[in-house]
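Raw contents of entry27.cif, mmCIF, C-alpha atoms:
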```cif
data_work
loop_
_atom_site.label_atom_id
_atom_site.label_comp_id
_atom_site.auth_asym_id
_atom_site.auth_seq_id
_atom_site.Cartn_x
_atom_site.Cartn_y
_atom_site.Cartn_z
CA MET O 1 -124.46 -109.63 -44.00
CA ALA O 2 -120.89 -108.75 -43.08
CA GLU O 3 -121.65 -105.15 -42.11
CA THR O 4 -123.74 -106.08 -39.08
CA ALA O 5 -121.01 -108.28 -37.62
CA PHE O 6 -118.37 -105.54 -37.74
CA SER O 7 -117.92 -102.41 -35.67
CA GLU O 8 -116.40 -99.16 -36.91
CA GLY O 9 -113.40 -97.45 -35.33
CA TYR O 10 -110.76 -94.82 -36.01
CA VAL O 11 -107.07 -94.61 -35.20
CA GLU O 12 -104.63 -91.71 -35.45
CA ALA O 13 -101.38 -92.65 -37.18
CA ASP O 14 -98.70 -90.75 -39.09
CA GLY O 15 -100.84 -87.61 -39.17
CA PHE O 16 -103.89 -89.41 -40.63
CA ARG O 17 -107.22 -90.34 -39.06
CA ILE O 18 -107.70 -93.88 -40.37
CA ARG O 19 -111.02 -95.70 -40.34
CA TYR O 20 -111.27 -99.44 -39.79
CA MET O 21 -113.90 -102.16 -39.42
CA GLU O 22 -113.37 -104.91 -36.87
CA GLY O 23 -115.12 -108.19 -36.12
CA GLY O 24 -114.44 -111.61 -34.64
CA ARG O 25 -111.99 -113.03 -32.12
CA GLY O 26 -108.70 -114.84 -32.15
CA THR O 27 -105.45 -114.22 -33.97
CA PRO O 28 -105.61 -110.83 -35.71
CA LEU O 29 -106.03 -110.79 -39.49
CA VAL O 30 -105.36 -107.32 -40.89
CA HIS O 31 -106.81 -106.56 -44.34
CA LEU O 32 -105.60 -103.87 -46.76
CA HIS O 33 -108.11 -103.23 -49.56
CA GLY O 34 -107.76 -102.71 -53.29
CA ALA O 35 -107.94 -99.54 -55.38
CA GLY O 36 -111.73 -99.41 -55.04
CA GLY O 37 -111.49 -98.85 -51.30
CA LEU O 38 -112.77 -100.73 -48.29
CA ARG O 39 -115.86 -102.88 -48.82
CA LEU O 40 -116.79 -105.76 -46.57
CA THR O 41 -117.83 -108.93 -48.37
CA PRO O 42 -119.33 -112.24 -47.25
CA ALA O 43 -115.75 -113.56 -47.11
CA HIS O 44 -114.97 -111.11 -44.31
CA ASP O 45 -117.90 -112.51 -42.36
CA LEU O 46 -116.67 -116.06 -42.89
CA LEU O 47 -113.13 -115.17 -41.84
CA ARG O 48 -114.20 -113.35 -38.66
CA ARG O 49 -115.56 -116.69 -37.40
CA HIS O 50 -111.94 -117.82 -37.10
CA PHE O 51 -109.94 -114.60 -36.66
CA ARG O 52 -110.11 -111.08 -35.30
CA VAL O 53 -110.50 -109.35 -38.66
CA VAL O 54 -109.39 -105.70 -38.85
CA ALA O 55 -110.09 -104.15 -42.27
CA PHE O 56 -108.53 -100.71 -42.72
CA GLU O 57 -109.56 -97.88 -45.02
CA MET O 58 -106.20 -96.51 -46.13
CA PRO O 59 -105.62 -92.71 -46.21
CA GLY O 60 -107.09 -91.12 -49.33
CA PHE O 61 -109.71 -93.83 -49.93
CA GLY O 62 -113.41 -93.93 -49.17
CA GLN O 63 -114.69 -90.99 -47.16
CA SER O 64 -111.23 -89.96 -45.92
CA PRO O 65 -109.79 -86.65 -47.17
CA GLU O 66 -107.76 -86.58 -50.36
CA ASN O 67 -104.23 -87.82 -49.69
CA HIS O 68 -101.67 -85.51 -51.30
CA ARG O 69 -98.86 -86.45 -48.93
CA THR O 70 -98.08 -90.15 -49.43
CA ALA O 71 -95.47 -90.32 -52.19
CA SER O 72 -94.63 -94.02 -52.49
CA MET O 73 -95.93 -97.48 -51.70
CA PRO O 74 -93.26 -98.10 -49.01
CA GLU O 75 -94.42 -94.87 -47.37
CA LEU O 76 -98.06 -96.02 -47.39
CA ALA O 77 -96.97 -99.36 -45.92
CA SER O 78 -95.13 -97.54 -43.12
CA THR O 79 -98.25 -95.50 -42.36
CA MET O 80 -100.37 -98.65 -42.13
CA ALA O 81 -97.78 -100.35 -39.92
CA GLN O 82 -98.10 -97.41 -37.51
CA ALA O 83 -101.91 -97.70 -37.58
CA ILE O 84 -101.69 -101.40 -36.76
CA LYS O 85 -99.36 -100.71 -33.84
CA ARG O 86 -101.78 -98.11 -32.47
CA LEU O 87 -104.27 -100.97 -32.08
CA ASP O 88 -101.67 -102.84 -29.99
CA LEU O 89 -101.32 -105.61 -32.57
CA ASP O 90 -97.77 -106.80 -32.02
CA THR O 91 -98.12 -109.83 -34.28
CA PHE O 92 -100.78 -110.49 -36.89
CA ASN O 93 -101.66 -112.20 -40.15
CA LEU O 94 -101.79 -109.78 -43.08
CA MET O 95 -104.03 -109.90 -46.15
CA GLY O 96 -103.78 -107.56 -49.15
CA THR O 97 -106.17 -107.33 -52.09
CA SER O 98 -104.98 -106.16 -55.54
CA PHE O 99 -103.49 -102.67 -54.96
CA GLY O 100 -103.35 -103.51 -51.24
CA GLY O 101 -101.35 -106.62 -52.07
CA LYS O 102 -98.37 -104.45 -52.94
CA THR O 103 -98.88 -102.42 -49.76
CA ALA O 104 -98.97 -105.66 -47.78
CA LEU O 105 -95.75 -106.93 -49.35
CA TRP O 106 -93.89 -103.73 -48.45
CA LEU O 107 -95.31 -103.82 -44.92
CA ALA O 108 -94.16 -107.42 -44.48
CA LEU O 109 -90.68 -106.42 -45.68
CA GLN O 110 -90.60 -103.52 -43.22
CA GLU O 111 -92.03 -105.49 -40.28
CA PRO O 112 -90.97 -109.13 -40.79
CA GLU O 113 -91.11 -109.97 -37.09
CA SER O 114 -94.70 -108.73 -36.79
CA VAL O 115 -96.30 -110.44 -39.80
CA LEU O 116 -97.03 -114.07 -39.00
CA ALA O 117 -98.28 -114.99 -42.48
CA LEU O 118 -99.24 -113.15 -45.64
CA VAL O 119 -102.24 -113.63 -47.94
CA LEU O 120 -102.28 -111.89 -51.33
CA GLU O 121 -105.60 -111.81 -53.20
CA ALA O 122 -105.06 -111.08 -56.92
CA PRO O 123 -102.07 -108.91 -56.00
CA ALA O 124 -101.16 -106.01 -58.28
CA ALA O 125 -97.50 -105.85 -57.23
CA ILE O 126 -96.29 -107.83 -60.28
CA ARG O 127 -98.29 -107.18 -63.43
CA GLN O 128 -98.16 -108.17 -67.08
CA ALA O 129 -96.86 -105.48 -69.44
CA GLY O 130 -99.50 -102.86 -70.13
CA ALA O 131 -101.83 -103.86 -67.30
CA ARG O 132 -104.40 -101.16 -66.58
CA SER O 133 -106.60 -100.34 -63.61
CA PRO O 134 -110.29 -101.12 -64.22
CA SER O 135 -112.02 -98.18 -65.89
CA GLY O 136 -115.03 -97.32 -68.03
CA SER O 137 -118.73 -97.41 -67.30
CA PRO O 138 -120.03 -99.14 -64.14
CA GLU O 139 -121.10 -102.08 -66.30
CA GLU O 140 -117.65 -102.34 -67.89
CA ILE O 141 -115.92 -102.24 -64.50
CA ARG O 142 -118.22 -104.94 -63.14
CA ARG O 143 -117.39 -107.19 -66.11
CA LEU O 144 -113.67 -106.72 -65.42
CA LEU O 145 -113.87 -107.36 -61.67
CA TYR O 146 -116.39 -110.20 -61.45
CA ALA O 147 -116.74 -113.53 -63.23
CA HIS O 148 -120.55 -113.43 -63.28
CA PRO O 149 -121.70 -109.89 -62.46
CA GLU O 150 -125.27 -110.80 -63.36
CA ARG O 151 -125.39 -113.15 -60.35
CA LEU O 152 -124.21 -110.63 -57.79
CA GLY O 153 -127.22 -108.34 -57.52
CA SER O 154 -126.43 -104.85 -56.26
CA VAL O 155 -122.71 -105.05 -55.47
CA PRO O 156 -121.83 -101.35 -55.15
CA LEU O 157 -119.17 -99.69 -57.24
CA PRO O 158 -117.23 -96.72 -55.88
CA ASP O 159 -119.01 -93.38 -55.92
CA PRO O 160 -117.77 -91.46 -59.01
CA ALA O 161 -116.62 -88.52 -56.86
CA VAL O 162 -114.71 -90.83 -54.53
CA TRP O 163 -113.24 -92.69 -57.50
CA ALA O 164 -112.06 -89.42 -59.06
CA LYS O 165 -110.48 -88.36 -55.75
CA THR O 166 -108.69 -91.68 -55.30
CA GLN O 167 -107.34 -92.30 -58.79
CA PRO O 168 -104.44 -89.78 -58.64
CA LEU O 169 -103.24 -91.50 -55.46
CA VAL O 170 -103.55 -94.97 -57.00
CA GLN O 171 -101.66 -93.94 -60.13
CA ARG O 172 -98.95 -92.26 -58.05
CA LEU O 173 -98.37 -95.29 -55.84
CA ARG O 174 -98.96 -98.31 -58.10
CA GLY O 175 -95.49 -98.07 -59.66
CA PRO O 176 -94.25 -99.90 -62.75
CA ASP O 177 -95.67 -103.23 -63.88
CA ARG O 178 -92.42 -104.88 -62.77
CA ASP O 179 -90.92 -103.11 -59.74
CA ALA O 180 -87.26 -104.18 -59.64
CA ASP O 181 -86.68 -102.75 -56.16
CA LEU O 182 -89.57 -104.75 -54.72
CA GLU O 183 -88.80 -107.95 -56.59
CA ASP O 184 -85.17 -107.91 -55.44
CA ARG O 185 -86.36 -107.64 -51.85
CA LEU O 186 -88.94 -110.42 -52.09
CA GLN O 187 -86.20 -113.03 -52.14
CA GLU O 188 -85.32 -111.94 -48.58
CA LEU O 189 -88.87 -112.33 -47.23
CA PRO O 190 -89.19 -115.43 -45.01
CA THR O 191 -92.89 -114.91 -44.25
CA PRO O 192 -95.17 -117.83 -45.23
CA THR O 193 -97.22 -116.47 -48.12
CA LEU O 194 -100.38 -117.56 -49.92
CA VAL O 195 -101.01 -116.05 -53.36
CA LEU O 196 -104.47 -116.47 -54.90
CA PHE O 197 -105.59 -115.69 -58.43
CA GLY O 198 -108.96 -116.28 -60.06
CA THR O 199 -108.78 -118.34 -63.21
CA LEU O 200 -110.91 -115.70 -64.99
CA ASP O 201 -109.02 -112.60 -63.80
CA ARG O 202 -109.21 -109.94 -66.54
CA VAL O 203 -107.19 -107.31 -64.66
CA ILE O 204 -103.99 -109.13 -63.63
CA ALA O 205 -103.00 -112.14 -65.71
CA PRO O 206 -103.28 -115.22 -63.45
CA GLU O 207 -99.98 -116.57 -64.78
CA MET O 208 -98.22 -113.72 -62.95
CA GLY O 209 -98.80 -115.79 -59.83
CA ARG O 210 -95.95 -118.06 -60.86
CA VAL O 211 -93.52 -115.13 -60.56
CA TYR O 212 -94.44 -114.77 -56.89
CA ARG O 213 -93.80 -118.49 -56.39
CA GLU O 214 -90.38 -118.13 -58.00
CA LEU O 215 -89.37 -115.06 -55.98
CA LEU O 216 -90.80 -115.74 -52.52
CA PRO O 217 -88.94 -118.38 -50.48
CA SER O 218 -92.10 -119.67 -48.75
CA CYS O 219 -94.94 -119.24 -51.23
CA HIS O 220 -98.06 -121.27 -51.96
CA LEU O 221 -99.89 -120.42 -55.21
CA VAL O 222 -103.57 -121.24 -55.63
CA PHE O 223 -105.85 -120.62 -58.60
CA VAL O 224 -109.54 -120.30 -57.70
CA TYR O 225 -111.86 -121.76 -60.31
CA ASP O 226 -114.64 -119.61 -61.79
CA ALA O 227 -113.44 -116.42 -60.09
CA ALA O 228 -112.22 -113.19 -61.65
CA HIS O 229 -110.24 -110.37 -60.01
CA ALA O 230 -112.56 -110.01 -57.01
CA ILE O 231 -112.08 -113.57 -55.77
CA SER O 232 -113.55 -113.01 -52.30
CA THR O 233 -116.77 -111.69 -53.86
CA ASP O 234 -117.06 -114.22 -56.67
CA ARG O 235 -116.25 -117.26 -54.50
CA PRO O 236 -116.41 -116.19 -50.81
CA GLU O 237 -116.75 -119.71 -49.39
CA ALA O 238 -113.86 -121.11 -51.43
CA PHE O 239 -111.72 -118.07 -50.66
CA ALA O 240 -112.36 -118.21 -46.91
CA GLU O 241 -111.82 -121.99 -46.80
CA VAL O 242 -108.40 -121.78 -48.42
CA VAL O 243 -107.27 -118.71 -46.45
CA THR O 244 -108.38 -120.20 -43.13
CA ASP O 245 -106.69 -123.52 -43.86
CA PHE O 246 -103.45 -121.76 -44.77
CA LEU O 247 -103.41 -119.42 -41.76
CA GLU O 248 -104.22 -122.19 -39.31
CA ARG O 249 -101.81 -124.81 -40.65
CA ARG O 250 -99.00 -122.89 -42.42
CA GLU O 251 -96.37 -125.46 -43.37
CA ALA O 252 -98.93 -128.26 -43.16
CA PHE O 253 -101.22 -126.43 -45.59
CA VAL O 254 -102.56 -128.77 -48.24
CA ILE O 255 -105.04 -127.30 -50.68
CA SER O 256 -108.52 -128.78 -50.77
CA ARG O 257 -109.04 -131.14 -53.68
CA ALA O 258 -112.73 -130.21 -53.91
CA GLU O 259 -114.04 -128.49 -57.02
CA THR O 260 -113.78 -125.09 -55.33
CA VAL O 261 -110.16 -124.50 -56.28
CA ILE O 262 -107.39 -125.56 -58.61
CA HIS O 263 -103.85 -126.04 -57.36
CA PRO O 264 -101.15 -125.59 -60.03
#
```
Output the file's structure as structure tokens, nothing else.
Amino acid sequence: MAETAFSEGYVEADGFRIRYMEGGRGTPLVHLHGAGGLRLTPAHDLLRRHFRVVAFEMPGFGQSPENHRTASMPELASTMAQAIKRLDLDTFNLMGTSFGGKTALWLALQEPESVLALVLEAPAAIRQAGARSPSGSPEEIRRLLYAHPERLGSVPLPDPAVWAKTQPLVQRLRGPDRDADLEDRLQELPTPTLVLFGTLDRVIAPEMGRVYRELLPSCHLVFVYDAAHAISTDRPEAFAEVVTDFLERREAFVISRAETVIHP
């Protein structure tokens, strides 16, 4: 559904040719994907009804060439900031999923005047001790990422060759479970931030969300009922409802009391 509503484009930034998908109108909402790469979901389609959604494929992911050059997460964030500027987006909302949540945090720290608000979907920037990236057979990965994989039909998993190409980059950039340099900086970040965790997340412990609330000066924490790590796939309507409400109302944001979500 979402694919048909989005158009494909490319931008040259920091020596990379970076692919992106764009759809909708209004205030820009830039999305940085997780370790599995860019995949549009029904939540993207719901969000593009309210925002100009620009979903990037970061260098080294998907069909892009292997990325041997990027050495750190702040460096990847700087590259993506350059890509965003090449699209003449002076100010924008920023959304990061899992691995991309850490990229988004560093980008917001580097460009605080450009990022209007920040949404972190099951962010992997602060992890419980011993947290591991999803691995194993396709069936095992699906059980880790989704609350009810049997209900999802044919949700694609990354091509094994692409996955093998990407994993060295992910392992190089993900950093320690608790990144002291990042966490020290978070206390300086004034950007309004929404952190979402699924109550059934088997990759990042949902209770790690409370650390973000403690460290970030302007943080809302929301737990989404009956969702695992891939919240926007498990519960696209609930995810889009909460994100839209937050981005449109900011300080006046009050979480829905419907059964779609749980507020701590």
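Distance check against Gln187 in chain O using all atoms listed in the file: of O:Arg213, O:His31, O:Arg172, O:Lys85, the minimum falls on O:Arg213.
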remark   = Separating CA of Leu116 in chain O from CA of Thr193 in chain O, to the nearest tenth of an Å, is a gap of 9.4 Å
message = Going by the chain IDs and residue numbers used in this file, which residues fall under the PyMOL selection byres ((chain O and resi 59-71) around 9)? Write them as a PyMOL selection string.
response = chain O and resi 16-19+35-38+57-58+72-76+79-80+158-159+162-163+165-166+168-169+172-173
request  = Using the chain letters and numbers from the file, give me the residues hit by the PyMOL selection byres ((chain O and resi 134) around 7), as JSON, numbers by chain.
outcome  = {"O": [132, 133, 135, 141, 144, 203]}
note = In terms of all atoms listed in the file, the residue from O:Ala161, O:Ser137, O:Glu121, O:Glu150 at minimal distance from Phe223 in chain O is O:Glu121
ask   = Which residues come within 6 Å of range 97-104 of chain O, counting all atoms listed in the file, excluding same-chain residues fewer than 6 positions away, as JSON, numbers by chain?
value = {"O": [32, 33, 34, 35, 77, 120, 121, 122, 123, 124, 125]}
request  = Pull out every residue that the PyMOL selection byres ((chain O and resi 128) around 12) matches in the shown coordinates and put them as a ChimeraX atom specification.
outcome  = /O:123-127,129-132,176-179,202-211
Residue selection dump (C-alpha atoms) as an mmCIF file, in the frame of the given file:
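Listing of selection25.cif after writing:
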```
data_model
loop_
_atom_site.group_PDB
_atom_site.id
_atom_site.type_symbol
_atom_site.label_atom_id
_atom_site.label_comp_id
_atom_site.auth_asym_id
_atom_site.auth_seq_id
_atom_site.Cartn_x
_atom_site.Cartn_y
_atom_site.Cartn_z
ATOM 1 C CA PRO O 123 -102.070 -108.910 -56.000
ATOM 2 C CA ALA O 124 -101.160 -106.010 -58.280
ATOM 3 C CA ALA O 125 -97.500 -105.850 -57.230
ATOM 4 C CA ILE O 126 -96.290 -107.830 -60.280
ATOM 5 C CA ARG O 127 -98.290 -107.180 -63.430
ATOM 6 C CA ALA O 129 -96.860 -105.480 -69.440
ATOM 7 C CA GLY O 130 -99.500 -102.860 -70.130
ATOM 8 C CA ALA O 131 -101.830 -103.860 -67.300
ATOM 9 C CA ARG O 132 -104.400 -101.160 -66.580
ATOM 10 C CA PRO O 176 -94.250 -99.900 -62.750
ATOM 11 C CA ASP O 177 -95.670 -103.230 -63.880
ATOM 12 C CA ARG O 178 -92.420 -104.880 -62.770
ATOM 13 C CA ASP O 179 -90.920 -103.110 -59.740
ATOM 14 C CA ARG O 202 -109.210 -109.940 -66.540
ATOM 15 C CA VAL O 203 -107.190 -107.310 -64.660
ATOM 16 C CA ILE O 204 -103.990 -109.130 -63.630
ATOM 17 C CA ALA O 205 -103.000 -112.140 -65.710
ATOM 18 C CA PRO O 206 -103.280 -115.220 -63.450
ATOM 19 C CA GLU O 207 -99.980 -116.570 -64.780
ATOM 20 C CA MET O 208 -98.220 -113.720 -62.950
ATOM 21 C CA GLY O 209 -98.800 -115.790 -59.830
ATOM 22 C CA ARG O 210 -95.950 -118.060 -60.860
ATOM 23 C CA VAL O 211 -93.520 -115.130 -60.560
#
```
For CA of Ala81 in chain O and CA of Arg174 in chain O, the interatomic separation in Å (one decimal) = 18.3 Å
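With CA of Val155 in chain O on one side and CA of Phe246 in chain O on the other, the separation reads 27.7 Å.
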Completed range 113-129 of chain O (N, CA, C and O atoms) as a short mmCIF file (atom, residue, chain, number, x, y, z; two decimals), in the frame of the given file:
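File written: part-v2.cif
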```cif
data_model
loop_
_atom_site.label_atom_id
_atom_site.label_comp_id
_atom_site.auth_asym_id
_atom_site.auth_seq_id
_atom_site.Cartn_x
_atom_site.Cartn_y
_atom_site.Cartn_z
N GLU O 113 -90.89 -109.28 -38.36
CA GLU O 113 -91.11 -109.97 -37.09
C GLU O 113 -92.56 -109.85 -36.62
O GLU O 113 -92.96 -110.59 -35.72
N SER O 114 -93.31 -108.94 -37.20
CA SER O 114 -94.70 -108.73 -36.79
C SER O 114 -95.69 -109.55 -37.62
O SER O 114 -96.73 -109.96 -37.12
N VAL O 115 -95.37 -109.77 -38.89
CA VAL O 115 -96.30 -110.44 -39.80
C VAL O 115 -96.11 -111.95 -39.71
O VAL O 115 -95.07 -112.49 -40.11
N LEU O 116 -97.11 -112.62 -39.18
CA LEU O 116 -97.03 -114.07 -39.00
C LEU O 116 -97.13 -114.82 -40.32
O LEU O 116 -96.42 -115.78 -40.57
N ALA O 117 -98.07 -114.38 -41.16
CA ALA O 117 -98.28 -114.99 -42.48
C ALA O 117 -98.95 -113.95 -43.36
O ALA O 117 -99.59 -113.02 -42.88
N LEU O 118 -98.80 -114.14 -44.66
CA LEU O 118 -99.24 -113.15 -45.64
C LEU O 118 -100.16 -113.82 -46.66
O LEU O 118 -99.84 -114.89 -47.18
N VAL O 119 -101.30 -113.17 -46.93
CA VAL O 119 -102.24 -113.63 -47.94
C VAL O 119 -102.39 -112.53 -48.98
O VAL O 119 -102.69 -111.39 -48.63
N LEU O 120 -102.19 -112.86 -50.25
CA LEU O 120 -102.28 -111.89 -51.33
C LEU O 120 -103.39 -112.32 -52.29
O LEU O 120 -103.28 -113.35 -52.95
N GLU O 121 -104.46 -111.53 -52.34
CA GLU O 121 -105.60 -111.81 -53.20
C GLU O 121 -105.46 -111.02 -54.49
O GLU O 121 -105.53 -109.79 -54.49
N ALA O 122 -105.25 -111.72 -55.61
CA ALA O 122 -105.06 -111.08 -56.92
C ALA O 122 -104.14 -109.87 -56.81
O ALA O 122 -104.50 -108.76 -57.21
N PRO O 123 -102.93 -110.06 -56.27
CA PRO O 123 -102.07 -108.91 -56.00
C PRO O 123 -101.64 -108.18 -57.26
O PRO O 123 -101.38 -108.79 -58.30
N ALA O 124 -101.55 -106.84 -57.14
CA ALA O 124 -101.16 -106.01 -58.28
C ALA O 124 -99.71 -105.54 -58.16
O ALA O 124 -99.33 -104.55 -58.78
N ALA O 125 -98.90 -106.24 -57.39
CA ALA O 125 -97.50 -105.85 -57.23
C ALA O 125 -96.66 -106.24 -58.44
O ALA O 125 -95.69 -105.56 -58.77
N ILE O 126 -97.00 -107.34 -59.10
CA ILE O 126 -96.29 -107.83 -60.28
C ILE O 126 -97.33 -108.03 -61.37
O ILE O 126 -98.21 -108.88 -61.26
N ARG O 127 -97.24 -107.20 -62.42
CA ARG O 127 -98.29 -107.18 -63.43
C ARG O 127 -97.73 -107.46 -64.82
O ARG O 127 -96.56 -107.17 -65.09
N GLN O 128 -98.55 -107.99 -65.69
CA GLN O 128 -98.16 -108.17 -67.08
C GLN O 128 -97.97 -106.81 -67.73
O GLN O 128 -98.54 -105.81 -67.29
N ALA O 129 -97.13 -106.74 -68.75
CA ALA O 129 -96.86 -105.48 -69.44
C ALA O 129 -98.15 -104.85 -69.95
O ALA O 129 -98.98 -105.53 -70.58
#
```
